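Reproduced below: upload-v4.cif, with mmCIF, C-alpha atoms.
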data_my_file
#
loop_
_atom_site.group_PDB
_atom_site.id
_atom_site.type_symbol
_atom_site.label_atom_id
_atom_site.label_comp_id
_atom_site.auth_asym_id
_atom_site.auth_seq_id
_atom_site.Cartn_x
_atom_site.Cartn_y
_atom_site.Cartn_z
ATOM 1 C CA MET A 554 -109.594 89.134 3.931
ATOM 2 C CA SER A 555 -112.392 91.616 4.630
ATOM 3 C CA GLY A 556 -111.272 95.100 5.453
ATOM 4 C CA LEU A 557 -113.850 95.606 8.173
ATOM 5 C CA VAL A 558 -112.113 97.403 11.002
ATOM 6 C CA THR A 559 -109.456 100.067 10.746
ATOM 7 C CA GLY A 560 -107.436 102.026 13.247
ATOM 8 C CA ASP A 561 -103.888 102.124 14.515
ATOM 9 C CA ALA A 562 -104.433 101.069 18.124
ATOM 10 C CA VAL A 563 -101.556 99.022 19.519
ATOM 11 C CA VAL A 564 -102.206 95.837 21.485
ATOM 12 C CA LEU A 565 -102.265 96.140 25.276
ATOM 13 C CA GLY A 566 -102.963 99.869 25.065
ATOM 14 C CA LEU A 567 -99.299 100.827 24.717
ATOM 15 C CA ARG A 568 -98.593 104.215 23.194
ATOM 16 C CA PRO A 569 -96.338 104.746 20.174
ATOM 17 C CA ALA A 570 -92.993 106.280 21.072
ATOM 18 C CA ARG A 571 -92.286 109.717 19.650
ATOM 19 C CA LEU A 572 -89.205 111.148 18.032
ATOM 20 C CA PRO A 573 -87.387 112.549 21.115
ATOM 21 C CA SER A 574 -87.423 109.285 23.092
ATOM 22 C CA ARG A 575 -86.626 107.219 19.998
ATOM 23 C CA ALA A 576 -83.753 109.530 19.095
ATOM 24 C CA MET A 577 -82.279 109.191 22.580
ATOM 25 C CA ALA A 578 -82.578 105.400 22.459
ATOM 26 C CA ILE A 579 -80.947 105.294 19.011
ATOM 27 C CA ALA A 580 -78.157 107.593 20.211
ATOM 28 C CA ILE A 581 -77.373 105.213 23.072
ATOM 29 C CA ASP A 582 -77.358 102.227 20.722
ATOM 30 C CA VAL A 583 -75.206 104.012 18.142
ATOM 31 C CA VAL A 584 -72.615 105.043 20.733
ATOM 32 C CA LEU A 585 -72.370 101.454 21.981
ATOM 33 C CA VAL A 586 -72.252 99.918 18.495
ATOM 34 C CA VAL A 587 -69.697 102.396 17.168
ATOM 35 C CA GLY A 588 -67.529 101.954 20.259
ATOM 36 C CA VAL A 589 -67.530 98.177 19.915
ATOM 37 C CA TYR A 590 -66.976 98.506 16.153
ATOM 38 C CA VAL A 591 -63.896 100.686 16.597
ATOM 39 C CA LEU A 592 -62.463 98.306 19.186
ATOM 40 C CA MET A 593 -63.090 95.230 17.036
ATOM 41 C CA SER A 594 -61.688 96.957 13.943
ATOM 42 C CA LEU A 595 -58.464 97.766 15.752
ATOM 43 C CA LEU A 596 -58.073 94.233 17.061
ATOM 44 C CA LEU A 597 -58.917 92.542 13.754
ATOM 45 C CA SER A 598 -56.800 94.964 11.716
ATOM 46 C CA TRP A 599 -53.855 94.294 13.961
ATOM 47 C CA SER A 600 -54.375 90.556 13.571
ATOM 48 C CA ALA A 601 -54.581 90.817 9.757
ATOM 49 C CA LEU A 602 -51.630 93.172 9.233
ATOM 50 C CA GLY A 603 -49.424 90.527 7.658
ATOM 51 C CA MET A 604 -52.119 89.207 5.286
ATOM 52 C CA GLY A 605 -52.184 92.036 2.744
ATOM 53 C CA GLU A 606 -54.464 94.977 2.014
ATOM 54 C CA ALA A 607 -57.179 92.884 0.352
ATOM 55 C CA VAL A 608 -57.639 90.735 3.440
ATOM 56 C CA LEU A 609 -57.571 93.828 5.652
ATOM 57 C CA SER A 610 -60.288 95.508 3.565
ATOM 58 C CA ALA A 611 -62.441 92.375 3.652
ATOM 59 C CA VAL A 612 -62.088 92.159 7.425
ATOM 60 C CA GLU A 613 -63.093 95.810 7.834
ATOM 61 C CA ILE A 614 -66.166 95.402 5.612
ATOM 62 C CA ALA A 615 -67.249 92.225 7.394
ATOM 63 C CA THR A 616 -66.830 93.911 10.766
ATOM 64 C CA LEU A 617 -68.862 96.904 9.586
ATOM 65 C CA VAL A 618 -71.744 94.729 8.356
ATOM 66 C CA LEU A 619 -71.656 92.602 11.502
ATOM 67 C CA MET A 620 -71.746 95.529 13.933
ATOM 68 C CA LEU A 621 -74.134 97.847 12.099
ATOM 69 C CA ILE A 622 -76.611 95.246 10.837
ATOM 70 C CA GLY A 623 -75.942 91.839 12.372
ATOM 71 C CA VAL A 624 -75.670 92.873 16.007
ATOM 72 C CA PRO A 625 -78.816 95.097 16.071
ATOM 73 C CA VAL A 626 -80.836 92.366 14.334
ATOM 74 C CA ALA A 627 -79.610 89.709 16.765
ATOM 75 C CA VAL A 628 -80.283 91.887 19.809
ATOM 76 C CA GLU A 629 -83.841 92.782 18.755
ATOM 77 C CA THR A 630 -84.613 89.152 17.898
ATOM 78 C CA LEU A 631 -83.283 87.705 21.141
ATOM 79 C CA THR A 632 -84.738 90.417 23.404
ATOM 80 C CA ARG A 633 -88.115 90.584 21.622
ATOM 81 C CA GLY A 634 -87.660 94.171 20.502
ATOM 82 C CA ARG A 635 -85.528 95.687 23.265
ATOM 83 C CA SER A 636 -82.078 97.075 22.568
ATOM 84 C CA LEU A 637 -80.049 98.605 25.388
ATOM 85 C CA GLY A 638 -81.113 102.086 24.368
ATOM 86 C CA LYS A 639 -84.788 101.111 24.225
ATOM 87 C CA LEU A 640 -84.500 99.307 27.551
ATOM 88 C CA ALA A 641 -83.045 102.446 29.155
ATOM 89 C CA LEU A 642 -85.851 104.625 27.746
ATOM 90 C CA GLY A 643 -88.671 102.145 28.416
ATOM 91 C CA LEU A 644 -89.340 101.432 24.728
ATOM 92 C CA ARG A 645 -89.946 98.249 22.793
ATOM 93 C CA VAL A 646 -90.432 97.218 19.168
ATOM 94 C CA VAL A 647 -93.666 95.292 18.553
ATOM 95 C CA ARG A 648 -95.597 94.166 15.505
ATOM 96 C CA ASP A 649 -98.411 96.317 14.144
ATOM 97 C CA ASP A 650 -100.887 94.184 16.099
ATOM 98 C CA GLY A 651 -98.813 94.393 19.273
ATOM 99 C CA GLY A 652 -97.260 90.930 19.221
ATOM 100 C CA PRO A 653 -93.531 90.307 19.792
ATOM 101 C CA VAL A 654 -91.204 90.798 16.816
ATOM 102 C CA ARG A 655 -89.427 87.894 15.157
ATOM 103 C CA PHE A 656 -86.248 87.586 13.119
ATOM 104 C CA ARG A 657 -87.804 88.736 9.853
ATOM 105 C CA HIS A 658 -89.103 91.934 11.457
ATOM 106 C CA ALA A 659 -85.748 92.673 13.074
ATOM 107 C CA PHE A 660 -83.875 91.864 9.846
ATOM 108 C CA VAL A 661 -85.947 94.271 7.742
ATOM 109 C CA ARG A 662 -85.637 96.995 10.397
ATOM 110 C CA GLY A 663 -81.872 96.488 10.594
ATOM 111 C CA LEU A 664 -81.360 96.441 6.827
ATOM 112 C CA VAL A 665 -83.416 99.567 6.161
ATOM 113 C CA GLY A 666 -82.101 101.169 9.350
ATOM 114 C CA PHE A 667 -78.530 100.935 8.065
ATOM 115 C CA VAL A 668 -79.495 103.238 5.180
ATOM 116 C CA GLU A 669 -81.758 105.468 7.277
ATOM 117 C CA LEU A 670 -79.500 105.944 10.262
ATOM 118 C CA PHE A 671 -75.958 105.636 8.942
ATOM 119 C CA VAL A 672 -75.909 106.313 5.196
ATOM 120 C CA THR A 673 -78.201 109.368 5.456
ATOM 121 C CA MET A 674 -76.980 110.379 8.933
ATOM 122 C CA GLY A 675 -80.484 109.848 10.362
ATOM 123 C CA PHE A 676 -82.220 112.518 8.271
ATOM 124 C CA VAL A 677 -84.485 110.052 6.454
ATOM 125 C CA ALA A 678 -85.454 108.345 9.732
ATOM 126 C CA MET A 679 -86.188 111.708 11.338
ATOM 127 C CA ALA A 680 -88.323 112.893 8.433
ATOM 128 C CA SER A 681 -90.368 109.679 8.258
ATOM 129 C CA SER A 682 -90.897 109.668 12.046
ATOM 130 C CA LEU A 683 -92.191 113.237 11.943
ATOM 131 C CA VAL A 684 -94.593 112.438 9.103
ATOM 132 C CA SER A 685 -95.906 109.147 10.527
ATOM 133 C CA PRO A 686 -98.822 109.399 13.025
ATOM 134 C CA GLN A 687 -97.164 106.614 15.035
ATOM 135 C CA GLY A 688 -93.657 108.034 14.745
ATOM 136 C CA ARG A 689 -92.519 105.131 12.549
ATOM 137 C CA ARG A 690 -89.390 105.272 10.445
ATOM 138 C CA LEU A 691 -89.177 103.532 7.074
ATOM 139 C CA GLY A 692 -87.741 100.396 8.652
ATOM 140 C CA ASP A 693 -90.879 100.076 10.784
ATOM 141 C CA VAL A 694 -93.141 100.648 7.780
ATOM 142 C CA PHE A 695 -91.476 97.923 5.695
ATOM 143 C CA ALA A 696 -91.205 95.505 8.636
ATOM 144 C CA GLY A 697 -94.748 96.059 9.900
ATOM 145 C CA THR A 698 -93.603 97.177 13.350
ATOM 146 C CA VAL A 699 -93.985 100.112 15.699
ATOM 147 C CA VAL A 700 -91.932 101.279 18.670
ATOM 148 C CA VAL A 701 -94.078 101.692 21.787
ATOM 149 C CA ARG A 702 -93.632 102.961 25.302
ATOM 150 C CA GLU A 703 -93.740 100.112 27.806
ATOM 151 C CA ARG A 704 -93.987 102.191 30.973
ATOM 152 C CA ILE A 705 -97.542 103.354 30.377
ATOM 153 C CA PRO A 706 -100.465 101.959 32.439
ATOM 154 C CA VAL A 707 -102.523 99.544 30.395
ATOM 155 C CA SER A 708 -105.910 100.789 29.236
ATOM 156 C CA ARG A 709 -108.584 98.448 30.574
ATOM 157 C CA ALA A 710 -110.772 99.085 27.558
ATOM 158 C CA SER A 711 -108.128 97.617 25.251
ATOM 159 C CA LEU A 712 -108.015 94.202 26.922
ATOM 160 C CA LEU A 713 -109.409 91.333 24.913
ATOM 161 C CA PRO A 714 -112.465 89.597 26.387
ATOM 162 C CA PRO A 715 -111.797 85.932 27.169
ATOM 163 C CA PRO A 716 -113.598 83.224 25.188
ATOM 164 C CA PRO A 717 -116.549 81.325 26.688
ATOM 165 C CA PRO A 718 -115.350 78.644 29.138
ATOM 166 C CA GLU A 719 -116.423 75.782 26.874
ATOM 167 C CA LEU A 720 -114.010 76.997 24.167
ATOM 168 C CA ALA A 721 -110.973 77.430 26.423
ATOM 169 C CA GLY A 722 -108.086 75.410 24.981
ATOM 170 C CA ARG A 723 -110.216 73.990 22.165
ATOM 171 C CA PHE A 724 -108.020 75.474 19.426
ATOM 172 C CA ALA A 725 -104.599 74.711 20.915
ATOM 173 C CA GLU A 726 -103.595 72.586 17.892
ATOM 174 C CA LEU A 727 -104.537 75.087 15.184
ATOM 175 C CA ASP A 728 -101.950 76.226 12.638
ATOM 176 C CA LEU A 729 -102.122 80.029 12.846
ATOM 177 C CA SER A 730 -99.107 80.742 10.647
ATOM 178 C CA ARG A 731 -101.203 81.591 7.570
ATOM 179 C CA VAL A 732 -103.234 84.312 9.272
ATOM 180 C CA PRO A 733 -101.933 87.771 8.258
ATOM 181 C CA GLU A 734 -101.302 90.482 10.823
ATOM 182 C CA GLU A 735 -104.030 92.684 9.316
ATOM 183 C CA LEU A 736 -106.689 90.070 10.057
ATOM 184 C CA TRP A 737 -105.490 89.675 13.662
ATOM 185 C CA LEU A 738 -105.733 93.440 14.120
ATOM 186 C CA ALA A 739 -109.251 93.513 12.650
ATOM 187 C CA VAL A 740 -110.345 90.685 14.978
ATOM 188 C CA ARG A 741 -108.870 92.450 17.980
ATOM 189 C CA GLN A 742 -110.518 95.764 17.160
ATOM 190 C CA LEU A 743 -113.900 94.063 16.776
ATOM 191 C CA LEU A 744 -113.647 92.135 20.057
ATOM 192 C CA VAL A 745 -112.588 95.210 22.023
ATOM 193 C CA ARG A 746 -115.504 97.244 20.642
ATOM 194 C CA LEU A 747 -118.067 94.432 20.730
ATOM 195 C CA PRO A 748 -120.065 95.692 23.757
ATOM 196 C CA LYS A 749 -120.501 99.099 22.105
ATOM 197 C CA LEU A 750 -121.760 97.803 18.751
ATOM 198 C CA GLU A 751 -125.392 97.373 17.769
ATOM 199 C CA GLN A 752 -126.191 93.653 17.783
ATOM 200 C CA ARG A 753 -126.886 93.260 14.075
ATOM 201 C CA VAL A 754 -123.701 95.121 13.192
ATOM 202 C CA ALA A 755 -121.699 92.974 15.599
ATOM 203 C CA TRP A 756 -123.217 89.824 14.090
ATOM 204 C CA SER A 757 -122.488 90.846 10.493
ATOM 205 C CA MET A 758 -118.882 91.861 11.179
ATOM 206 C CA SER A 759 -118.254 88.767 13.314
ATOM 207 C CA VAL A 760 -119.582 86.453 10.584
ATOM 208 C CA ARG A 761 -117.354 87.981 7.907
ATOM 209 C CA LEU A 762 -114.232 87.913 10.065
ATOM 210 C CA ALA A 763 -114.981 84.368 11.274
ATOM 211 C CA GLU A 764 -115.301 83.224 7.645
ATOM 212 C CA ASP A 765 -111.950 84.803 6.776
ATOM 213 C CA LEU A 766 -110.273 83.305 9.828
ATOM 214 C CA SER A 767 -111.739 79.814 9.512
ATOM 215 C CA ALA A 768 -110.718 79.661 5.842
ATOM 216 C CA LEU A 769 -107.105 80.208 6.889
ATOM 217 C CA VAL A 770 -106.953 77.980 9.978
ATOM 218 C CA GLY A 771 -109.150 75.190 8.589
ATOM 219 C CA THR A 772 -111.557 74.994 11.552
ATOM 220 C CA PRO A 773 -115.032 76.574 11.334
ATOM 221 C CA PRO A 774 -116.887 78.107 14.302
ATOM 222 C CA PRO A 775 -118.835 75.628 16.457
ATOM 223 C CA GLU A 776 -122.411 75.242 15.278
ATOM 224 C CA GLY A 777 -124.932 77.440 17.067
ATOM 225 C CA MET A 778 -122.357 79.746 18.658
ATOM 226 C CA HIS A 779 -121.924 83.439 17.971
ATOM 227 C CA PRO A 780 -118.935 83.863 15.608
ATOM 228 C CA SER A 781 -117.443 86.497 17.901
ATOM 229 C CA ALA A 782 -116.978 83.795 20.550
ATOM 230 C CA TYR A 783 -115.049 81.774 17.971
ATOM 231 C CA LEU A 784 -112.940 84.851 17.164
ATOM 232 C CA ALA A 785 -112.229 85.383 20.863
ATOM 233 C CA ALA A 786 -111.156 81.766 21.325
ATOM 234 C CA VAL A 787 -108.777 81.741 18.352
ATOM 235 C CA ALA A 788 -107.401 85.199 19.202
ATOM 236 C CA GLY A 789 -106.908 84.044 22.791
ATOM 237 C CA GLU A 790 -104.929 81.032 21.579
ATOM 238 C CA ARG A 791 -102.752 83.284 19.466
ATOM 239 C CA GLN A 792 -102.245 85.639 22.414
ATOM 240 C CA ARG A 793 -101.265 82.670 24.597
ATOM 241 C CA ARG A 794 -98.646 81.558 22.069
ATOM 242 C CA ASP A 795 -97.239 85.083 21.781
ATOM 243 C CA ALA A 796 -97.043 85.286 25.565
ATOM 244 C CA GLN A 797 -95.250 81.945 25.735
ATOM 245 C CA ARG A 798 -92.693 83.052 23.141
ATOM 246 C CA ALA A 799 -92.141 86.407 24.813
ATOM 247 C CA PHE A 800 -92.260 85.463 28.503
ATOM 248 C CA GLY A 801 -91.904 81.696 28.720
ATOM 249 C CA ASP A 802 -93.917 79.963 31.431
ATOM 250 C CA ARG A 803 -94.104 83.093 33.577
ATOM 251 C CA GLY A 804 -97.005 84.548 31.575
ATOM 252 C CA PRO A 805 -97.540 88.247 30.904
ATOM 253 C CA ALA A 806 -99.492 89.135 34.030
ATOM 254 C CA ALA A 807 -97.018 91.791 35.054
ATOM 255 C CA THR A 808 -97.175 93.619 31.727
ATOM 256 C CA THR A 809 -100.815 93.385 30.701
ATOM 257 C CA GLY A 810 -102.656 93.999 33.946
ATOM 258 C CA ILE A 811 -104.748 90.861 33.433
ATOM 259 C CA ARG A 812 -105.340 88.509 36.321
ATOM 260 C CA TRP A 813 -104.174 85.035 35.270
ATOM 261 C CA SER A 814 -105.416 81.677 36.405
ATOM 262 C CA ALA A 815 -103.068 78.926 37.564
ATOM 263 C CA PRO A 816 -101.501 77.207 34.527
ATOM 264 C CA ALA A 817 -101.187 73.521 33.934
ATOM 265 C CA PRO A 818 -97.618 72.153 34.028
ATOM 266 C CA GLY A 819 -95.655 73.244 30.962
ATOM 267 C CA THR A 820 -98.253 75.744 29.731
ATOM 268 C CA VAL A 821 -98.929 79.467 29.925
ATOM 269 C CA ALA A 822 -101.942 80.520 31.960
ATOM 270 C CA MET A 823 -105.020 81.874 30.199
ATOM 271 C CA PRO A 824 -106.426 85.206 31.397
ATOM 272 C CA THR A 825 -109.533 85.526 33.473
ATOM 273 C CA ALA A 826 -112.207 88.023 32.507
ATOM 274 C CA PRO A 827 -110.895 91.575 32.128
ATOM 275 C CA GLU A 828 -112.488 94.477 33.942
ATOM 276 C CA ALA A 829 -115.029 95.264 31.222
ATOM 277 C CA LEU A 830 -116.451 91.719 31.311
ATOM 278 C CA ARG A 831 -116.407 91.582 35.127
ATOM 279 C CA GLU A 832 -118.414 94.811 35.196
ATOM 280 C CA MET A 833 -120.919 93.224 32.810
ATOM 281 C CA THR A 834 -121.317 90.098 34.952
ATOM 282 C CA ARG A 835 -121.775 92.190 38.120
ATOM 283 C CA GLU A 836 -124.706 93.865 36.388
ATOM 284 C CA GLY A 837 -126.428 90.534 35.857
ATOM 285 C CA GLY A 838 -124.964 89.592 32.479
ATOM 286 C CA SER A 839 -123.042 86.490 31.473
ATOM 287 C CA TYR A 840 -120.743 85.088 28.840
ATOM 288 C CA GLU A 841 -123.848 84.082 26.908
ATOM 289 C CA SER A 842 -125.147 87.667 26.840
ATOM 290 C CA TYR A 843 -121.708 89.024 25.894
ATOM 291 C CA TYR A 844 -121.444 86.592 22.964
ATOM 292 C CA SER A 845 -125.087 86.594 21.805
ATOM 293 C CA SER A 846 -126.057 83.531 19.787
ATOM 294 C CA SER A 847 -127.955 85.439 17.067
ATOM 295 C CA PRO A 848 -128.934 88.958 16.005
ATOM 296 C CA ALA A 849 -132.620 88.248 16.392
ATOM 297 C CA ALA A 850 -132.980 90.350 19.507
ATOM 298 C CA ALA A 851 -131.725 93.474 17.727
#
Hey, can you dump this file as structure tokens for me?
Amino acid sequence: MSGLVTGDAVVLGLRPARLPSRAMAIAIDVVLVVGVYVLMSLLLSWSALGMGEAVLSAVEIATLVLMLIGVPVAVETLTRGRSLGKLALGLRVVRDDGGPVRFRHAFVRGLVGFVELFVTMGFVAMASSLVSPQGRRLGDVFAGTVVVRERIPVSRASLLPPPPPELAGRFAELDLSRVPEELWLAVRQLLVRLPKLEQRVAWSMSVRLAEDLSALVGTPPPEGMHPSAYLAAVAGERQRRDAQRAFGDRGPAATTGIRWSAPAPGTVAMPTAPEALREMTREGGSYESYYSSSPAAA
């Protein structure tokens, strides 16, 4: 993969959560988990009193692992990154590129978090959060996640431009599982900044990213079309799938600030043009001018 675009912007313009809000959310979660753990330990210990000390010790260890690792992992997986503490503080765990977390992300965060938060009494998590520009603890670094603030107005400039109409839905059958998160982030950063780039630069970067992406998904860009349009179409398909996993058939209109078109039965709606593209079309432009077919005019 070409390392073309860097930066730590989070999808949808959400801001990374800082140490004070994260600490409060963790404190709420810890109080709840410890309370439930103590209650379960008492009940299970009472039930296993007649089975010997070895059985009692095994029950206590299993309960500890379940409550301090299993429960947080299950909650983050099922709620797409929201524990009760994060929900109360308006926080959410997302991937580095802003997509919803999955089991593997939650599992790594929970496993490392057990050491960070409980074994070291939170000192390691606090130190890493203070050092990280995004306030990430070690669990976030290893899992490729970041905790963001959900209750922040979405930045219009961060919205992805939609693909040209003729490409809408064309890549619905692609297998996107092989595409790494770093490539998705690079594609997103390019598409967001596309109107501000010089045309030859935009063409060169789009070609390299389109080559990397098409090699992984097995479908090249349509002949004669600007590769950035291909990137927008594939990224839009990936965004649609993430929205369907996170929100079901409701679509993410309420959280992204994008106006959504009416979906077909059983599908998630695709977004209409964001504000930046609508401004361009009001000034006499078009999809064709936004996704130029070649760099010759530069």
With only C-alpha atoms as the counted atoms, please give the residues lying no more than 12 Å from Glu726 of chain A, apart from itself and same-chain residues fewer than 2 positions off, as an MDAnalysis selection string. chainID A and resid 722:724 728:730 770:772 787 790:791 794
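Across the chains present, the PyMOL selection byres ((chain A and resi 654) around 10) applied to this file returns Glu629, Thr630, Leu631, Thr632, Arg633, Gly634, Arg635, Arg645, Val646, Val647, Arg648, Asp649, Gly651, Gly652, Pro653, Arg655, Phe656, Arg657, His658, Ala659, Ala696, Gly697, Thr698, Val699, Asp795 and Ala799 of chain A.
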With C-alpha atoms retained, could you export that selection as a short mmCIF file (atom, residue, chain, number, x, y, z; two decimals), in the coordinates of the input?
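That gives us again_1.cif:
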data_model
loop_
_atom_site.label_atom_id
_atom_site.label_comp_id
_atom_site.auth_asym_id
_atom_site.auth_seq_id
_atom_site.Cartn_x
_atom_site.Cartn_y
_atom_site.Cartn_z
CA GLU A 629 -83.84 92.78 18.76
CA THR A 630 -84.61 89.15 17.90
CA LEU A 631 -83.28 87.70 21.14
CA THR A 632 -84.74 90.42 23.40
CA ARG A 633 -88.12 90.58 21.62
CA GLY A 634 -87.66 94.17 20.50
CA ARG A 635 -85.53 95.69 23.26
CA ARG A 645 -89.95 98.25 22.79
CA VAL A 646 -90.43 97.22 19.17
CA VAL A 647 -93.67 95.29 18.55
CA ARG A 648 -95.60 94.17 15.50
CA ASP A 649 -98.41 96.32 14.14
CA GLY A 651 -98.81 94.39 19.27
CA GLY A 652 -97.26 90.93 19.22
CA PRO A 653 -93.53 90.31 19.79
CA ARG A 655 -89.43 87.89 15.16
CA PHE A 656 -86.25 87.59 13.12
CA ARG A 657 -87.80 88.74 9.85
CA HIS A 658 -89.10 91.93 11.46
CA ALA A 659 -85.75 92.67 13.07
CA ALA A 696 -91.20 95.50 8.64
CA GLY A 697 -94.75 96.06 9.90
CA THR A 698 -93.60 97.18 13.35
CA VAL A 699 -93.98 100.11 15.70
CA ASP A 795 -97.24 85.08 21.78
CA ALA A 799 -92.14 86.41 24.81
#
Go through the shown structure with the PyMOL selection byres ((chain A and resi 685-688) around 7) and write out the matching residues as a list of chain:residue names.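 Applying the expression gives A:Pro569, A:Ala570, A:Arg571, A:Leu572, A:Ser681, A:Ser682, A:Leu683, A:Val684, A:Arg689, A:Arg690.
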To one decimal place, how far is atom CA of Ser757 of chain A from atom CA of Pro717 of chain A in Å?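 So the answer is 19.7 Å.
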Hey, can you check how far atom CA of Ser781 of chain A sits from atom CA of Leu736 of chain A?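 Answer for the atom CA of Ser781 of chain A to atom CA of Leu736 of chain A separation: 13.8 Å.
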Residue nearest Ser767 of chain A - candidates A:Ala788, A:Met620, A:Met577, A:Val745, atoms counted: only C-alpha atoms: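 For Ser767 of chain A, the nearest of the given residues is A:Ala788.
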How far is it from atom CA of Leu784 of chain A to atom CA of Ala763 of chain A, in Å with one decimal? 6.3 Å
Need the shell around Gly643 of chain A: protein/DNA/RNA residues with any atom at most 10 Å away, counting only C-alpha atoms. Skip same-chain ones fewer than 6 positions apart. Format as a PDB file with C-alpha atoms, in the coordinates of the input?
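Saved as part_20.pdb:
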ATOM      1  CA  ALA A 570     -92.993 106.280  21.072  1.00  0.00           C
ATOM      2  CA  SER A 574     -87.423 109.285  23.092  1.00  0.00           C
ATOM      3  CA  ALA A 578     -82.578 105.400  22.459  1.00  0.00           C
ATOM      4  CA  ARG A 635     -85.528  95.687  23.265  1.00  0.00           C
ATOM      5  CA  LEU A 637     -80.049  98.605  25.388  1.00  0.00           C
ATOM      6  CA  VAL A 701     -94.078 101.692  21.787  1.00  0.00           C
ATOM      7  CA  ARG A 702     -93.632 102.961  25.302  1.00  0.00           C
ATOM      8  CA  GLU A 703     -93.740 100.112  27.806  1.00  0.00           C
ATOM      9  CA  ARG A 704     -93.987 102.191  30.973  1.00  0.00           C
ATOM     10  CA  ILE A 705     -97.542 103.354  30.377  1.00  0.00           C
TER      11      ILE A 705
END
